[in-house]
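J.: Pasting work-v4.cif here (mmCIF, C-alpha atoms):
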data_start
#
loop_
_atom_site.group_PDB
_atom_site.id
_atom_site.type_symbol
_atom_site.label_atom_id
_atom_site.label_comp_id
_atom_site.auth_asym_id
_atom_site.auth_seq_id
_atom_site.Cartn_x
_atom_site.Cartn_y
_atom_site.Cartn_z
ATOM 1 C CA MET A 13 28.577 29.857 4.265
ATOM 2 C CA GLU A 14 30.196 26.429 4.125
ATOM 3 C CA THR A 15 33.538 27.145 2.474
ATOM 4 C CA VAL A 16 34.951 30.668 2.378
ATOM 5 C CA LEU A 17 37.886 31.997 0.360
ATOM 6 C CA VAL A 18 39.585 35.166 1.655
ATOM 7 C CA THR A 19 41.828 36.940 -0.844
ATOM 8 C CA GLY A 20 44.425 39.375 0.474
ATOM 9 C CA ALA A 21 44.339 37.429 3.735
ATOM 10 C CA CYS A 22 47.765 38.657 4.861
ATOM 11 C CA GLY A 23 46.675 42.285 4.785
ATOM 12 C CA GLN A 24 45.355 44.570 7.501
ATOM 13 C CA ILE A 25 41.723 43.509 7.087
ATOM 14 C CA GLY A 26 42.253 39.997 5.764
ATOM 15 C CA SER A 27 44.376 38.724 8.628
ATOM 16 C CA GLU A 28 41.775 39.660 11.238
ATOM 17 C CA LEU A 29 38.770 38.671 9.138
ATOM 18 C CA THR A 30 40.246 35.207 8.553
ATOM 19 C CA ALA A 31 40.848 34.676 12.260
ATOM 20 C CA THR A 32 37.379 35.959 13.188
ATOM 21 C CA LEU A 33 35.610 33.753 10.643
ATOM 22 C CA ARG A 34 37.466 30.663 11.879
ATOM 23 C CA GLU A 35 36.644 31.492 15.494
ATOM 24 C CA ARG A 36 33.033 32.483 14.938
ATOM 25 C CA TYR A 37 32.160 29.687 12.498
ATOM 26 C CA PRO A 38 34.120 26.562 13.525
ATOM 27 C CA GLY A 39 32.100 24.398 11.123
ATOM 28 C CA VAL A 40 33.030 26.552 8.120
ATOM 29 C CA THR A 41 36.203 25.919 6.110
ATOM 30 C CA VAL A 42 38.043 29.242 5.693
ATOM 31 C CA VAL A 43 40.697 29.192 2.977
ATOM 32 C CA SER A 44 43.107 32.106 3.310
ATOM 33 C CA SER A 45 45.050 33.279 0.267
ATOM 34 C CA ASP A 46 47.528 35.954 -0.687
ATOM 35 C CA VAL A 47 50.278 36.604 -3.195
ATOM 36 C CA ARG A 48 52.856 35.947 -0.466
ATOM 37 C CA SER A 49 54.514 32.561 -0.197
ATOM 38 C CA ASP A 50 55.585 32.862 3.463
ATOM 39 C CA SER A 51 52.264 33.383 5.218
ATOM 40 C CA THR A 52 52.027 32.676 8.953
ATOM 41 C CA LEU A 53 48.276 32.169 8.685
ATOM 42 C CA ALA A 54 46.906 28.810 9.697
ATOM 43 C CA GLN A 55 46.087 26.250 7.036
ATOM 44 C CA PRO A 56 44.426 25.939 4.634
ATOM 45 C CA TYR A 57 46.409 28.650 2.853
ATOM 46 C CA GLU A 58 46.914 29.094 -0.874
ATOM 47 C CA ARG A 59 49.411 31.347 -2.613
ATOM 48 C CA LEU A 60 47.208 33.198 -5.067
ATOM 49 C CA ASP A 61 47.564 36.131 -7.451
ATOM 50 C CA VAL A 62 44.028 37.489 -7.786
ATOM 51 C CA THR A 63 44.657 38.600 -11.363
ATOM 52 C CA ASP A 64 45.121 34.945 -12.354
ATOM 53 C CA GLN A 65 41.556 33.896 -13.123
ATOM 54 C CA SER A 66 42.502 30.325 -14.037
ATOM 55 C CA ARG A 67 44.237 29.804 -10.703
ATOM 56 C CA LEU A 68 41.285 31.402 -8.886
ATOM 57 C CA GLU A 69 38.884 28.995 -10.530
ATOM 58 C CA SER A 70 41.141 26.073 -9.664
ATOM 59 C CA VAL A 71 41.212 27.019 -5.961
ATOM 60 C CA ILE A 72 37.436 27.562 -5.913
ATOM 61 C CA ARG A 73 36.859 24.128 -7.459
ATOM 62 C CA GLU A 74 39.395 22.377 -5.222
ATOM 63 C CA TYR A 75 37.745 23.592 -2.013
ATOM 64 C CA ASP A 76 34.190 23.879 -3.346
ATOM 65 C CA VAL A 77 34.102 27.544 -2.294
ATOM 66 C CA ASP A 78 30.653 29.113 -1.949
ATOM 67 C CA THR A 79 31.621 32.531 -0.504
ATOM 68 C CA VAL A 80 34.505 34.857 -1.397
ATOM 69 C CA PHE A 81 35.661 37.825 0.686
ATOM 70 C CA HIS A 82 37.753 39.707 -1.877
ATOM 71 C CA LEU A 83 40.153 41.972 0.016
ATOM 72 C CA ALA A 84 43.276 41.991 -2.168
ATOM 73 C CA ALA A 85 43.968 45.583 -3.284
ATOM 74 C CA ILE A 86 46.584 48.308 -3.640
ATOM 75 C CA LEU A 87 45.611 51.188 -1.340
ATOM 76 C CA SER A 88 45.337 54.909 -2.016
ATOM 77 C CA ALA A 89 48.773 56.336 -1.213
ATOM 78 C CA THR A 90 50.697 53.347 -2.560
ATOM 79 C CA GLY A 91 48.509 53.350 -5.640
ATOM 80 C CA GLU A 92 49.496 56.922 -6.476
ATOM 81 C CA ASP A 93 53.146 55.841 -6.549
ATOM 82 C CA ASP A 94 52.313 53.112 -9.080
ATOM 83 C CA PRO A 95 48.915 53.723 -10.708
ATOM 84 C CA GLN A 96 49.400 50.982 -13.312
ATOM 85 C CA THR A 97 49.875 48.273 -10.695
ATOM 86 C CA ALA A 98 46.963 49.660 -8.671
ATOM 87 C CA PHE A 99 44.699 49.403 -11.706
ATOM 88 C CA ASP A 100 45.946 45.940 -12.654
ATOM 89 C CA VAL A 101 45.465 44.514 -9.161
ATOM 90 C CA ASN A 102 42.299 46.362 -8.142
ATOM 91 C CA ALA A 103 40.382 46.327 -11.418
ATOM 92 C CA GLY A 104 41.901 43.202 -12.952
ATOM 93 C CA GLY A 105 41.721 41.262 -9.732
ATOM 94 C CA LEU A 106 38.095 42.207 -9.147
ATOM 95 C CA TYR A 107 37.117 41.197 -12.677
ATOM 96 C CA ALA A 108 38.925 37.864 -12.288
ATOM 97 C CA VAL A 109 37.156 37.176 -8.974
ATOM 98 C CA LEU A 110 33.720 38.054 -10.335
ATOM 99 C CA GLU A 111 34.256 35.983 -13.485
ATOM 100 C CA ALA A 112 35.538 33.050 -11.437
ATOM 101 C CA GLY A 113 32.531 33.403 -9.158
ATOM 102 C CA ARG A 114 30.152 33.424 -12.111
ATOM 103 C CA ARG A 115 31.794 30.498 -13.910
ATOM 104 C CA GLU A 116 32.162 28.344 -10.794
ATOM 105 C CA ASN A 117 28.683 29.097 -9.418
ATOM 106 C CA VAL A 118 29.862 30.792 -6.222
ATOM 107 C CA ASP A 119 26.937 31.870 -4.043
ATOM 108 C CA GLN A 120 28.307 35.189 -2.804
ATOM 109 C CA VAL A 121 31.166 37.673 -3.244
ATOM 110 C CA ILE A 122 31.837 40.308 -0.571
ATOM 111 C CA VAL A 123 34.136 43.119 -1.705
ATOM 112 C CA PRO A 124 34.731 46.379 0.195
ATOM 113 C CA SER A 125 34.592 49.767 -1.417
ATOM 114 C CA SER A 126 35.999 52.879 0.266
ATOM 115 C CA ILE A 127 35.435 56.525 1.095
ATOM 116 C CA ALA A 128 38.057 57.045 -1.628
ATOM 117 C CA VAL A 129 35.182 56.977 -4.162
ATOM 118 C CA PHE A 130 34.304 60.464 -2.917
ATOM 119 C CA GLY A 131 36.077 63.587 -4.067
ATOM 120 C CA PRO A 132 36.089 67.390 -4.173
ATOM 121 C CA GLN A 133 32.642 67.541 -5.812
ATOM 122 C CA THR A 134 31.041 65.194 -3.260
ATOM 123 C CA PRO A 135 28.719 67.058 -0.856
ATOM 124 C CA ALA A 136 29.267 67.028 2.890
ATOM 125 C CA ASN A 137 27.946 64.025 4.818
ATOM 126 C CA PRO A 138 27.160 62.066 1.632
ATOM 127 C CA GLY A 139 24.691 59.205 1.380
ATOM 128 C CA GLU A 140 24.914 56.230 -0.943
ATOM 129 C CA LYS A 141 23.555 57.953 -4.064
ATOM 130 C CA THR A 142 25.801 60.964 -4.389
ATOM 131 C CA VAL A 143 28.486 62.498 -6.564
ATOM 132 C CA LEU A 144 31.513 60.229 -6.884
ATOM 133 C CA SER A 145 34.593 62.163 -8.000
ATOM 134 C CA PRO A 146 37.680 60.252 -6.823
ATOM 135 C CA SER A 147 41.084 61.895 -7.134
ATOM 136 C CA THR A 148 43.176 58.701 -6.884
ATOM 137 C CA MET A 149 43.564 55.539 -8.945
ATOM 138 C CA TYR A 150 42.498 53.594 -5.860
ATOM 139 C CA GLY A 151 39.264 55.592 -5.663
ATOM 140 C CA ILE A 152 38.633 55.164 -9.380
ATOM 141 C CA THR A 153 38.983 51.390 -9.080
ATOM 142 C CA LYS A 154 36.612 51.384 -6.117
ATOM 143 C CA VAL A 155 33.949 53.163 -8.191
ATOM 144 C CA LEU A 156 34.476 50.358 -10.692
ATOM 145 C CA THR A 157 34.075 47.877 -7.826
ATOM 146 C CA GLU A 158 30.649 49.273 -7.003
ATOM 147 C CA ARG A 159 29.476 49.347 -10.611
ATOM 148 C CA LEU A 160 30.849 45.912 -11.558
ATOM 149 C CA GLY A 161 29.283 44.393 -8.470
ATOM 150 C CA GLU A 162 25.920 45.815 -9.479
ATOM 151 C CA TYR A 163 26.432 44.588 -13.058
ATOM 152 C CA TYR A 164 27.264 41.004 -12.092
ATOM 153 C CA ALA A 165 24.317 40.908 -9.719
ATOM 154 C CA SER A 166 21.798 42.174 -12.272
ATOM 155 C CA ARG A 167 23.268 40.430 -15.329
ATOM 156 C CA TYR A 168 24.271 37.064 -13.875
ATOM 157 C CA GLY A 169 22.459 36.823 -10.539
ATOM 158 C CA LEU A 170 25.733 36.706 -8.566
ATOM 159 C CA ASP A 171 25.136 37.910 -4.999
ATOM 160 C CA VAL A 172 27.767 40.663 -4.776
ATOM 161 C CA ARG A 173 27.781 42.895 -1.685
ATOM 162 C CA GLY A 174 30.045 45.644 -0.435
ATOM 163 C CA LEU A 175 30.412 48.678 1.786
ATOM 164 C CA ARG A 176 32.454 51.865 1.772
ATOM 165 C CA LEU A 177 34.982 51.495 4.544
ATOM 166 C CA PRO A 178 36.539 54.576 6.175
ATOM 167 C CA GLY A 179 40.107 54.704 7.492
ATOM 168 C CA LEU A 180 40.856 51.641 9.616
ATOM 169 C CA ILE A 181 42.751 51.454 12.914
ATOM 170 C CA SER A 182 44.213 48.156 14.130
ATOM 171 C CA TYR A 183 47.166 46.666 15.991
ATOM 172 C CA GLU A 184 47.288 43.117 14.593
ATOM 173 C CA THR A 185 48.699 43.861 11.125
ATOM 174 C CA PRO A 186 50.331 47.124 9.992
ATOM 175 C CA PRO A 187 48.438 49.093 7.327
ATOM 176 C CA GLY A 188 49.476 48.809 3.711
ATOM 177 C CA GLY A 189 49.899 52.290 2.301
ATOM 178 C CA GLY A 190 46.603 54.111 2.834
ATOM 179 C CA THR A 191 46.064 57.836 3.283
ATOM 180 C CA THR A 192 44.768 57.319 6.842
ATOM 181 C CA ASP A 193 47.795 55.279 8.000
ATOM 182 C CA TYR A 194 48.899 58.119 10.293
ATOM 183 C CA ALA A 195 46.057 57.170 12.632
ATOM 184 C CA VAL A 196 47.775 53.808 13.169
ATOM 185 C CA ASP A 197 51.420 54.834 12.907
ATOM 186 C CA ALA A 198 51.051 57.314 15.762
ATOM 187 C CA PHE A 199 50.049 54.489 18.115
ATOM 188 C CA TYR A 200 53.022 52.349 17.125
ATOM 189 C CA ALA A 201 55.392 55.264 17.737
ATOM 190 C CA ALA A 202 53.864 56.089 21.126
ATOM 191 C CA ALA A 203 54.029 52.461 22.248
ATOM 192 C CA ALA A 204 57.693 52.277 21.189
ATOM 193 C CA GLY A 205 58.596 55.474 23.034
ATOM 194 C CA GLU A 206 59.315 57.315 19.798
ATOM 195 C CA GLU A 207 58.183 60.652 18.442
ATOM 196 C CA TYR A 208 56.012 60.765 15.359
ATOM 197 C CA THR A 209 55.460 63.183 12.489
ATOM 198 C CA CYS A 210 51.959 63.110 10.993
ATOM 199 C CA PHE A 211 51.843 63.563 7.223
ATOM 200 C CA VAL A 212 48.596 65.558 7.420
ATOM 201 C CA ARG A 213 47.642 68.866 9.024
ATOM 202 C CA PRO A 214 46.467 68.809 12.642
ATOM 203 C CA ASP A 215 42.976 69.962 11.579
ATOM 204 C CA THR A 216 42.502 67.079 9.110
ATOM 205 C CA ARG A 217 39.261 65.310 10.031
ATOM 206 C CA LEU A 218 38.344 62.004 8.392
ATOM 207 C CA PRO A 219 35.917 59.127 8.991
ATOM 208 C CA MET A 220 37.628 56.254 10.837
ATOM 209 C CA MET A 221 36.757 52.865 12.289
ATOM 210 C CA TYR A 222 38.325 50.366 14.651
ATOM 211 C CA MET A 223 39.089 47.035 13.011
ATOM 212 C CA PRO A 224 36.729 44.891 15.145
ATOM 213 C CA ASP A 225 33.862 47.087 13.964
ATOM 214 C CA ALA A 226 34.983 46.773 10.333
ATOM 215 C CA ILE A 227 35.122 42.984 10.608
ATOM 216 C CA SER A 228 31.651 42.913 12.152
ATOM 217 C CA ALA A 229 30.318 45.152 9.376
ATOM 218 C CA LEU A 230 31.649 42.850 6.653
ATOM 219 C CA ILE A 231 30.258 39.718 8.270
ATOM 220 C CA ASP A 232 26.926 41.312 9.179
ATOM 221 C CA LEU A 233 26.437 42.509 5.605
ATOM 222 C CA ALA A 234 27.373 39.071 4.247
ATOM 223 C CA THR A 235 24.844 37.323 6.473
ATOM 224 C CA ALA A 236 22.012 39.848 6.074
ATOM 225 C CA ASP A 237 18.792 38.834 4.332
ATOM 226 C CA GLU A 238 19.207 39.851 0.702
ATOM 227 C CA ALA A 239 15.590 40.997 0.587
ATOM 228 C CA ASP A 240 16.368 43.698 3.178
ATOM 229 C CA LEU A 241 19.167 45.314 1.165
ATOM 230 C CA ARG A 242 18.544 48.438 -0.873
ATOM 231 C CA TYR A 243 22.083 48.629 -2.201
ATOM 232 C CA ARG A 244 24.686 46.212 -3.523
ATOM 233 C CA CYS A 245 28.226 47.510 -3.056
ATOM 234 C CA GLU A 246 27.852 51.094 -1.869
ATOM 235 C CA TYR A 247 26.669 50.999 1.739
ATOM 236 C CA ASN A 248 28.270 53.756 3.828
ATOM 237 C CA VAL A 249 29.482 52.690 7.258
ATOM 238 C CA SER A 250 30.975 55.006 9.832
ATOM 239 C CA ALA A 251 31.983 54.971 13.479
ATOM 240 C CA LEU A 252 34.417 57.781 14.314
ATOM 241 C CA SER A 253 35.388 61.171 12.983
ATOM 242 C CA PHE A 254 38.276 63.040 14.564
ATOM 243 C CA THR A 255 41.115 65.370 13.628
ATOM 244 C CA ALA A 256 44.747 64.317 13.674
ATOM 245 C CA ARG A 257 45.278 66.761 16.542
ATOM 246 C CA GLU A 258 42.443 65.237 18.566
ATOM 247 C CA LEU A 259 43.960 61.782 18.116
ATOM 248 C CA VAL A 260 47.407 62.961 19.210
ATOM 249 C CA ASP A 261 45.897 64.689 22.253
ATOM 250 C CA ARG A 262 44.171 61.470 23.334
ATOM 251 C CA ILE A 263 47.379 59.500 22.975
ATOM 252 C CA GLU A 264 49.331 62.127 24.928
ATOM 253 C CA ASP A 265 46.755 61.875 27.723
ATOM 254 C CA ARG A 266 47.796 58.221 28.163
ATOM 255 C CA VAL A 267 51.464 58.555 27.158
ATOM 256 C CA PRO A 268 52.590 62.007 28.388
ATOM 257 C CA GLU A 269 56.109 61.626 26.988
ATOM 258 C CA PHE A 270 54.797 61.091 23.461
ATOM 259 C CA GLU A 271 55.675 63.919 21.084
ATOM 260 C CA ALA A 272 53.985 64.398 17.726
ATOM 261 C CA TYR A 273 54.622 66.870 14.940
ATOM 262 C CA PHE A 274 52.820 67.705 11.720
ATOM 263 C CA ASP A 275 54.473 67.927 8.309
ATOM 264 C CA PRO A 276 51.879 67.469 5.533
ATOM 265 C CA ASP A 277 53.034 65.782 2.337
ATOM 266 C CA ASP A 278 51.341 64.734 -0.915
ATOM 267 C CA ARG A 279 48.857 62.605 0.992
ATOM 268 C CA GLN A 280 47.256 65.774 2.363
ATOM 269 C CA ARG A 281 45.779 66.403 -1.078
ATOM 270 C CA ILE A 282 44.049 63.033 -0.972
ATOM 271 C CA ALA A 283 42.773 63.563 2.565
ATOM 272 C CA ASP A 284 41.397 66.979 1.629
ATOM 273 C CA SER A 285 39.359 65.422 -1.184
ATOM 274 C CA TRP A 286 37.367 63.184 1.181
ATOM 275 C CA PRO A 287 34.402 64.197 3.377
ATOM 276 C CA ASP A 288 34.924 64.323 7.133
ATOM 277 C CA ALA A 289 31.787 62.254 7.780
ATOM 278 C CA VAL A 290 29.324 60.066 5.876
ATOM 279 C CA ASP A 291 25.645 59.242 6.296
ATOM 280 C CA ASP A 292 25.350 55.555 7.199
ATOM 281 C CA SER A 293 21.663 55.577 8.126
ATOM 282 C CA ALA A 294 20.834 53.087 5.346
ATOM 283 C CA ALA A 295 23.179 50.439 6.763
ATOM 284 C CA ARG A 296 21.767 50.987 10.234
ATOM 285 C CA ALA A 297 18.206 50.605 8.968
ATOM 286 C CA ASP A 298 18.709 47.773 6.461
ATOM 287 C CA TRP A 299 20.989 45.350 8.293
ATOM 288 C CA GLY A 300 21.376 46.727 11.800
ATOM 289 C CA TRP A 301 24.816 48.281 11.500
ATOM 290 C CA GLU A 302 26.006 49.770 14.786
ATOM 291 C CA PRO A 303 29.652 50.347 15.783
ATOM 292 C CA GLU A 304 30.875 49.479 19.270
ATOM 293 C CA TYR A 305 34.061 51.539 19.609
ATOM 294 C CA GLY A 306 34.307 55.275 20.260
ATOM 295 C CA LEU A 307 37.558 57.233 20.181
ATOM 296 C CA GLU A 308 38.394 56.830 23.879
ATOM 297 C CA ALA A 309 37.858 53.057 23.712
ATOM 298 C CA VAL A 310 39.988 52.806 20.561
ATOM 299 C CA VAL A 311 42.896 54.682 22.139
ATOM 300 C CA ASP A 312 42.751 52.580 25.314
ATOM 301 C CA ASP A 313 42.585 49.284 23.426
ATOM 302 C CA MET A 314 45.296 50.141 20.903
ATOM 303 C CA LEU A 315 47.796 51.195 23.589
ATOM 304 C CA ALA A 316 46.940 48.229 25.807
ATOM 305 C CA ASN A 317 47.641 45.783 22.986
ATOM 306 C CA LEU A 318 50.701 47.534 21.592
#
Here is a file; write its structure as structure tokens.
T.:
Amino acid sequence: METVLVTGACGQIGSELTATLRERYPGVTVVSSDVRSDSTLAQPYERLDVTDQSRLESVIREYDVDTVFHLAAILSATGEDDPQTAFDVNAGGLYAVLEAGRRENVDQVIVPSSIAVFGPQTPANPGEKTVLSPSTMYGITKVLTERLGEYYASRYGLDVRGLRLPGLISYETPPGGGTTDYAVDAFYAAAAGEEYTCFVRPDTRLPMMYMPDAISALIDLATADEADLRYRCEYNVSALSFTARELVDRIEDRVPEFEAYFDPDDRQRIADSWPDAVDDSAARADWGWEPEYGLEAVVDDMLANL
């Protein structure tokens, strides 16, 4: 990597990935970009709509970009409120990025997939090659992400890589409308001395990950030897799996006055369609994936920082 472009850099993942790349690789130029015009991210920053392929190509040429981390997306719950926009941004934006990468001779595109590619027909503890039966527009576009990445790699030789991220927990930037947002919102409420109502049942168990681990996974996959990789854009990665009740109990252990309630809404249907754990043995074997944060460490760190 010599010059990196991060799309969706103002989002939950992008903001922390941009900062980590700049800290870890001081000799690398990291260009952050987002559709927002009022970013607080350090320069260089470019206002960029990822569906605008011409503008993408212009930015890539201007900075001589060799690596793209494509993070701009509409997430699962928000996408169900506006499926058309979710498709336009997620599918259209991905196609524009891959085409820009192909036309401008970019070396590598890293684009995350999600556990949202799974669905009711997916078996428990799925591996990479399994039944994909997403129940949301977000999940459908992430299946397209995996297949388009494979296509551009085999057809055009573009080095496209990706992994299926679980629900993410972080304190730097609020989440952007995902089904697992309750696992972050509860921390914010506890830190503010407020009660919180979870929008899923207390027994809802889903795969989760602390943001530092997610950032490490993205960078480690990007820097892995291509010859060691069995898969392109469908590596499972996992770190935690807990119920909403277990999370609330851990928070209450540290903040005894915190009160949480449970009132499931439409997002419960989405959560119920996903497995409660995934098999990430391929990532561990192929490129040394290993998370650092367990549930107790996540709760301690989140509350300390909030």
J.: Residues near Tyr194 (chain A), anyone? I mean within 9 Å using only C-alpha atoms, not counting same-chain ones fewer than 2 positions away, as a list in words.
T.: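 That gives Gly190, Thr191, Thr192, Val196, Asp197, Ala198, Phe199, Thr209, Cys210, Phe211, Val212 and Ala256 of chain A.
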J.: Can you tell me which residues surround region 82-88 of chain A at a distance of at most 8 Å, considering only C-alpha atoms, apart from same-chain residues fewer than 3 positions away, and format the answer as a ChimeraX atom specification?
T.: /A:18-21,23,25-26,46,62,91-92,97-98,101-102,105-106,109,121-124,128,148-151,188-191
J.: Compile the contact shell of region 278-295 of chain A as a PyMOL selection string: residues with an atom at most 8 Å away, counting all atoms listed in the file, same-chain residues fewer than 5 positions apart removed.
T.: chain A and resi 89+127-128+130-132+134-140+146-148+191-192+211-213+216-219+247-250+253+300-301
J.: For the structure shown, which residues end up in the PyMOL selection byres ((chain A and resi 269) around 9)? Put them as a ChimeraX atom specification, please?
T.: /A:202,205-207,264,267-268,270-271
J.: Which of these residues is nearest to Ser166 (chain A), using only C-alpha atoms: A:Glu308, A:Thr63, A:Tyr243, A:Val47?
T.: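 Looking at the shortest contact to Ser166 (chain A), the residue is A:Tyr243.
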J.: Which one is closest to Leu252 (chain A): A:Asp193, A:Asp232, A:Glu302, A:Asp240? Count only C-alpha atoms.
T.: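 Comparing A:Asp193, A:Asp232, A:Glu302, A:Asp240 against Leu252 (chain A), the winner is A:Glu302.
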J.: One decimal, in Å: what's the spacing between CA of Ser182 (chain A) and CA of Tyr222 (chain A)?
T.: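 Separation between CA of Ser182 (chain A) and CA of Tyr222 (chain A): 6.3 Å.
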J.: For the atom pair CA of Arg244 (chain A) and CA of Arg114 (chain A), what is the interatomic distance in Å to one decimal place?
T.: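 A separation of 16.3 Å between them.
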J.: State, in Å with one decimal place, the distance from CA of Met220 (chain A) to CA of Ala251 (chain A).
T.: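 Separating CA of Met220 (chain A) from CA of Ala251 (chain A) is a distance of 6.4 Å.
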J.: Between A:Gly161, A:Thr153, A:Asp237, A:Ile263, which residue has the minimum interatomic distance to Asp100 (chain A), considering all atoms listed in the file?
T.: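 Comparing A:Gly161, A:Thr153, A:Asp237, A:Ile263 against Asp100 (chain A), the winner is A:Thr153.
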J.: Select, from A:Val71, A:Ala239, A:Leu33, A:Cys245, the residue with the minimum atom-to-atom distance to Trp299 (chain A), counting only C-alpha atoms.
T.: A:Ala239
J.: Pick the closest to Asp61 (chain A) from A:Gly104, A:Val260, A:Lys141, A:Thr32: which is it, counting all atoms listed in the file?
T.: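 Going through A:Gly104, A:Val260, A:Lys141, A:Thr32 one by one, the smallest distance to Asp61 (chain A) is for A:Gly104.
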J.: Starting from the incomplete input, reconstruct N, CA and C atoms of region 207-227 of chain A and write that as a compact mmCIF listing (two decimals), keeping the file's coordinate frame.
T.:
# COMPACT_ATOMS: atom_id res chain seq x y z
N GLU A 207 58.99 59.55 18.92
CA GLU A 207 58.18 60.65 18.44
C GLU A 207 57.63 60.31 17.06
N TYR A 208 56.63 61.07 16.64
CA TYR A 208 56.01 60.76 15.36
C TYR A 208 55.66 62.06 14.64
N THR A 209 55.83 62.05 13.32
CA THR A 209 55.46 63.18 12.49
C THR A 209 54.30 62.78 11.59
N CYS A 210 53.14 63.39 11.81
CA CYS A 210 51.96 63.11 10.99
C CYS A 210 52.12 63.75 9.62
N PHE A 211 51.70 63.04 8.58
CA PHE A 211 51.84 63.56 7.22
C PHE A 211 50.61 64.33 6.76
N VAL A 212 49.75 64.70 7.72
CA VAL A 212 48.60 65.56 7.42
C VAL A 212 48.58 66.71 8.41
N ARG A 213 47.78 67.73 8.12
CA ARG A 213 47.64 68.87 9.02
C ARG A 213 46.93 68.44 10.31
N PRO A 214 47.14 69.16 11.39
CA PRO A 214 46.47 68.81 12.64
C PRO A 214 44.95 68.94 12.58
N ASP A 215 44.42 69.78 11.66
CA ASP A 215 42.98 69.96 11.58
C ASP A 215 42.31 69.00 10.60
N THR A 216 43.05 68.04 10.07
CA THR A 216 42.50 67.08 9.11
C THR A 216 41.55 66.13 9.82
N ARG A 217 40.29 66.16 9.43
CA ARG A 217 39.26 65.31 10.03
C ARG A 217 38.76 64.32 8.98
N LEU A 218 38.79 63.04 9.32
CA LEU A 218 38.34 62.00 8.39
C LEU A 218 37.52 60.94 9.12
N PRO A 219 36.64 60.25 8.40
CA PRO A 219 35.92 59.13 8.99
C PRO A 219 36.88 57.98 9.27
N MET A 220 36.75 57.36 10.43
CA MET A 220 37.63 56.25 10.84
C MET A 220 36.79 55.15 11.47
N MET A 221 37.44 53.99 11.66
CA MET A 221 36.76 52.86 12.29
C MET A 221 37.79 51.93 12.89
N TYR A 222 37.46 51.36 14.04
CA TYR A 222 38.33 50.37 14.65
C TYR A 222 38.09 49.03 13.96
N MET A 223 39.17 48.25 13.80
CA MET A 223 39.09 47.04 13.01
C MET A 223 38.01 46.05 13.46
N PRO A 224 37.81 45.81 14.76
CA PRO A 224 36.73 44.89 15.14
C PRO A 224 35.37 45.32 14.60
N ASP A 225 35.12 46.61 14.54
CA ASP A 225 33.86 47.09 13.96
C ASP A 225 33.82 46.82 12.46
N ALA A 226 34.94 47.02 11.78
CA ALA A 226 34.98 46.77 10.33
C ALA A 226 34.73 45.30 10.02
N ILE A 227 35.32 44.42 10.81
CA ILE A 227 35.12 42.98 10.61
C ILE A 227 33.65 42.62 10.83
